[in-house]
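Below: one structure, written as structure tokens.
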Amino acid sequence: MKVLFLQNVLFDYRVPFYNSLVKRGYQLTVMHSGASSNLQCDFEELIVPVSKFGPFHIQQHRPELDRYDVVIAMFDLYWPANALLSLVSKQYRLIFWGHGLGQGKFGNYLRIALANKADGMLLYTEVGRKAMLDKGMRADLTYVANNTVEVSNHQIKAGQGYSFLFVGRLQTRKRIDLLMHAFAKLLVALPDKTFNLDIVGDGDIKNELENLTKTLKIDKHTQFHGAVSDNDVLKPIFHRAIAYVSPGHLGLGLNHALAFGVPIISSSSVIHAPEVAVLNEGNSMMINATEDSDCIEQLAQKMTALATDESLAVKMSQQSYADYVNYCSMERMVDGFVAAIEGHVKH
């Protein structure tokens, strides 16, 4: 079966996903307007130019779509050539893929109208699917494939661990400074125990964070690993972690943590990426505060709870890994796309 993806760009983290679909037996083409991938692609990569008219993007020289059995198009009203495909006569099966609803009332009305004329609507999360159903989306057209990254060496960690971990870009919006302040409070509260803080990533505030560790006198307990993408290198770092702590924005990093059985500590007062839909009381602890002082205090409390209660830490680790395997592994994401491609709705 020939399947065409219509995308804006080809992200490196998507390549393993497309390769996995090829392994399931599909002849795959990914059309986009970004840079060519340097990774091993088992699919055809088709790059076309794009023109911009105000907020809208129009891709040029697109292939004849009727050559394909299934077309999976990025569902974004600012890429109208994709969104309007449901209004034209076609021989292929059209599936939209996206987050679902937006912010504007009229835009959402248009999204539902267009999606109901397609052959399928693939959502990032079950939350996104239910939101569309509430606005009039046909249930028999909806599918869910939780967005994720490939972690081929996923494995639950053994025991409680002895470190706290942040992985991601070192950016102000991630509020890593709050984590460091909370970690300092943890060390004061539990002076008879030894804990480490692992920071994986690079960014424009790295020097600022390094200086903060000295100010807080946690520098001897803190290790900056730099940017690391090799899962074989990341695995032992995750496996010694009690928890993955991200006081600010959460994204695909949480999938990485769950893949190694590491529970999440974050904030419900922050706007996160759709991937947070997989989080629950069994695999995460959420603080609810807007003032920095309150955030630090609550973070320290959550970190202390996991650091001093081994049975709780192990239980949450087991739940974290189970939720990764059952809901957000690469296999589950591919399963969701196969169901949409084949037209097998399961709800």
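Ordering of the structure tokens sets the chain letters (A, B, ...); residue numbers start at 1 within each chain; ligands are numbered from 1 in the order shown.
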
Quiz item: as a PyMOL selection string, which residues of range 120-342 of chain A does DSSP assign to alpha helix (DSSP H)?
Solution: chain A and resi 126-134+176-189+206-215+231-239+253-259+292-308+310-323+330-342

Quick one: which range 200-290 of chain A residues come within 8 Å of range 123-133 of chain A, and what is the nearest atom pair for each with the distance in Å to one decimal, counting only C-alpha atoms, rows ordered by chain and ascending number, as a tab-separated table?
```
residue	atom	partner	partner_atom	distance
A:Pro274	CA	A:Thr125	CA	6.9
A:Glu275	CA	A:Thr125	CA	7.3
A:Ala277	CA	A:Thr125	CA	6.6
```

Write the residues of the preceding selection, restricted to all heavy atoms, as a PDB file, in the first residue's frame.
```
ATOM      1  N   PRO A 274       1.009  18.581  24.300  1.00  0.00           N
ATOM      2  CA  PRO A 274      -0.075  17.594  24.414  1.00  0.00           C
ATOM      3  C   PRO A 274       0.350  16.266  25.026  1.00  0.00           C
ATOM      4  O   PRO A 274      -0.495  15.528  25.555  1.00  0.00           O
ATOM      5  CB  PRO A 274      -0.520  17.396  22.957  1.00  0.00           C
ATOM      6  CG  PRO A 274      -0.110  18.639  22.261  1.00  0.00           C
ATOM      7  CD  PRO A 274       1.161  19.071  22.914  1.00  0.00           C
ATOM      8  N   GLU A 275       1.648  15.950  24.977  1.00  0.00           N
ATOM      9  CA  GLU A 275       2.128  14.667  25.484  1.00  0.00           C
ATOM     10  C   GLU A 275       1.823  14.464  26.972  1.00  0.00           C
ATOM     11  O   GLU A 275       1.827  13.324  27.463  1.00  0.00           O
ATOM     12  CB  GLU A 275       3.637  14.535  25.251  1.00  0.00           C
ATOM     13  CG  GLU A 275       4.028  14.323  23.801  1.00  0.00           C
ATOM     14  CD  GLU A 275       3.969  15.583  22.966  1.00  0.00           C
ATOM     15  OE1 GLU A 275       4.015  16.696  23.552  1.00  0.00           O
ATOM     16  OE2 GLU A 275       3.871  15.484  21.735  1.00  0.00           O
ATOM     17  N   ALA A 277      -0.796  14.422  28.390  1.00  0.00           N
ATOM     18  CA  ALA A 277      -2.060  13.700  28.582  1.00  0.00           C
ATOM     19  C   ALA A 277      -1.842  12.303  29.146  1.00  0.00           C
ATOM     20  O   ALA A 277      -2.759  11.727  29.745  1.00  0.00           O
ATOM     21  CB  ALA A 277      -2.825  13.611  27.259  1.00  0.00           C
TER      22      ALA A 277
END
```

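Candidate residues A:Ala243, A:Arg173, A:His99, A:Met1 were compared for distance to Arg24 in chain A, and the nearest is A:Met1, using only C-alpha atoms.
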
Once you count only C-alpha atoms, what closest atom pair and distance in Å to one decimal does each residue of range 130-171 of chain A within 8 Å of range 326-334 of chain A have, with rows by chain and rising residue number, as JSON lines?
```
{"residue": "A:Ala145", "atom": "CA", "partner": "A:Met333", "partner_atom": "CA", "distance": 4.7}
{"residue": "A:Asn146", "atom": "CA", "partner": "A:Met333", "partner_atom": "CA", "distance": 5.6}
{"residue": "A:Asn147", "atom": "CA", "partner": "A:Met333", "partner_atom": "CA", "distance": 6.6}
{"residue": "A:Thr148", "atom": "CA", "partner": "A:Cys328", "partner_atom": "CA", "distance": 6.0}
{"residue": "A:Val149", "atom": "CA", "partner": "A:Met330", "partner_atom": "CA", "distance": 6.6}
{"residue": "A:Glu150", "atom": "CA", "partner": "A:Met330", "partner_atom": "CA", "distance": 5.5}
{"residue": "A:Val151", "atom": "CA", "partner": "A:Met330", "partner_atom": "CA", "distance": 7.7}
```

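Minimum atom-to-atom distance to Phe260 in chain A, evaluated using only C-alpha atoms, belongs to A:Pro236 out of A:Gly104, A:Pro236, A:Pro16, A:Gly34.
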
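Taking CA of Ala83 in chain A as the reference point, CA of Gln60 in chain A is found at 15.3 Å.
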
Set out as a Markdown table a contact list for range 149-230 of chain A and range 263-267 of chain A with a cut-off of 12 Å, giving each residue of range 149-230 of chain A that qualifies its closest atom pair and distance in Å to one decimal, counting only C-alpha atoms, ordered by chain and rising residue number.
```
| residue | atom | partner | partner_atom | distance |
| --- | --- | --- | --- | --- |
| A:Ile156 | CA | A:Pro263 | CA | 10.9 |
| A:Lys157 | CA | A:Pro263 | CA | 10.8 |
| A:Gln160 | CA | A:Pro263 | CA | 10.6 |
| A:Gly161 | CA | A:Pro263 | CA | 11.3 |
| A:Phe164 | CA | A:Ile265 | CA | 9.9 |
| A:Leu165 | CA | A:Ile264 | CA | 9.6 |
| A:Phe166 | CA | A:Ile264 | CA | 10.0 |
| A:Val167 | CA | A:Ile264 | CA | 11.6 |
| A:Lys174 | CA | A:Ser266 | CA | 10.3 |
| A:Arg175 | CA | A:Ser266 | CA | 10.4 |
| A:Ile176 | CA | A:Ser266 | CA | 11.0 |
| A:Leu178 | CA | A:Ser266 | CA | 10.8 |
| A:Leu179 | CA | A:Ser266 | CA | 9.7 |
| A:Ala182 | CA | A:Ile265 | CA | 11.8 |
```

Take the selection from the previous step and output its residues with N, CA, C and O atoms, as a tab-separated table (two decimals), in the first residue's frame.
```tsv
chain	number	residue	atom	x	y	z
A	156	ILE	N	12.76	-0.67	32.42
A	156	ILE	CA	12.50	-0.12	33.74
A	156	ILE	C	13.78	-0.12	34.57
A	156	ILE	O	14.61	-1.02	34.45
A	157	LYS	N	13.95	0.90	35.37
A	157	LYS	CA	15.14	0.98	36.23
A	157	LYS	C	14.97	0.09	37.45
A	157	LYS	O	13.84	-0.25	37.83
A	160	GLN	N	15.19	2.48	43.73
A	160	GLN	CA	14.73	3.85	43.94
A	160	GLN	C	15.54	4.89	43.18
A	160	GLN	O	15.00	5.85	42.65
A	161	GLY	N	16.85	4.70	43.12
A	161	GLY	CA	17.74	5.68	42.51
A	161	GLY	C	18.30	6.63	43.55
A	161	GLY	O	17.94	6.59	44.73
A	164	PHE	N	18.32	13.30	40.98
A	164	PHE	CA	17.19	13.94	40.31
A	164	PHE	C	17.68	14.46	38.97
A	164	PHE	O	18.85	14.84	38.82
A	165	LEU	N	16.79	14.47	37.98
A	165	LEU	CA	17.22	14.63	36.59
A	165	LEU	C	16.39	15.64	35.84
A	165	LEU	O	15.16	15.68	35.96
A	166	PHE	N	17.09	16.46	35.04
A	166	PHE	CA	16.43	17.29	34.03
A	166	PHE	C	17.09	17.00	32.70
A	166	PHE	O	18.32	16.97	32.59
A	167	VAL	N	16.27	16.80	31.64
A	167	VAL	CA	16.78	16.60	30.29
A	167	VAL	C	16.03	17.55	29.36
A	167	VAL	O	14.79	17.55	29.33
A	174	LYS	N	12.03	26.81	31.03
A	174	LYS	CA	12.03	25.50	31.67
A	174	LYS	C	12.14	25.61	33.19
A	174	LYS	O	11.94	24.62	33.89
A	175	ARG	N	12.50	26.79	33.69
A	175	ARG	CA	12.60	27.09	35.12
A	175	ARG	C	13.47	26.08	35.87
A	175	ARG	O	13.13	25.60	36.98
A	176	ILE	N	14.61	25.77	35.31
A	176	ILE	CA	15.56	24.85	35.94
A	176	ILE	C	16.09	25.46	37.23
A	176	ILE	O	16.50	24.74	38.15
A	178	LEU	N	14.37	26.84	39.51
A	178	LEU	CA	13.49	26.40	40.60
A	178	LEU	C	13.86	25.00	41.06
A	178	LEU	O	13.84	24.71	42.27
A	179	LEU	N	14.20	24.14	40.12
A	179	LEU	CA	14.65	22.80	40.47
A	179	LEU	C	15.90	22.86	41.34
A	179	LEU	O	16.02	22.14	42.34
A	182	ALA	N	15.08	23.94	44.83
A	182	ALA	CA	14.40	22.85	45.55
A	182	ALA	C	15.40	21.76	45.93
A	182	ALA	O	15.32	21.19	47.04
```
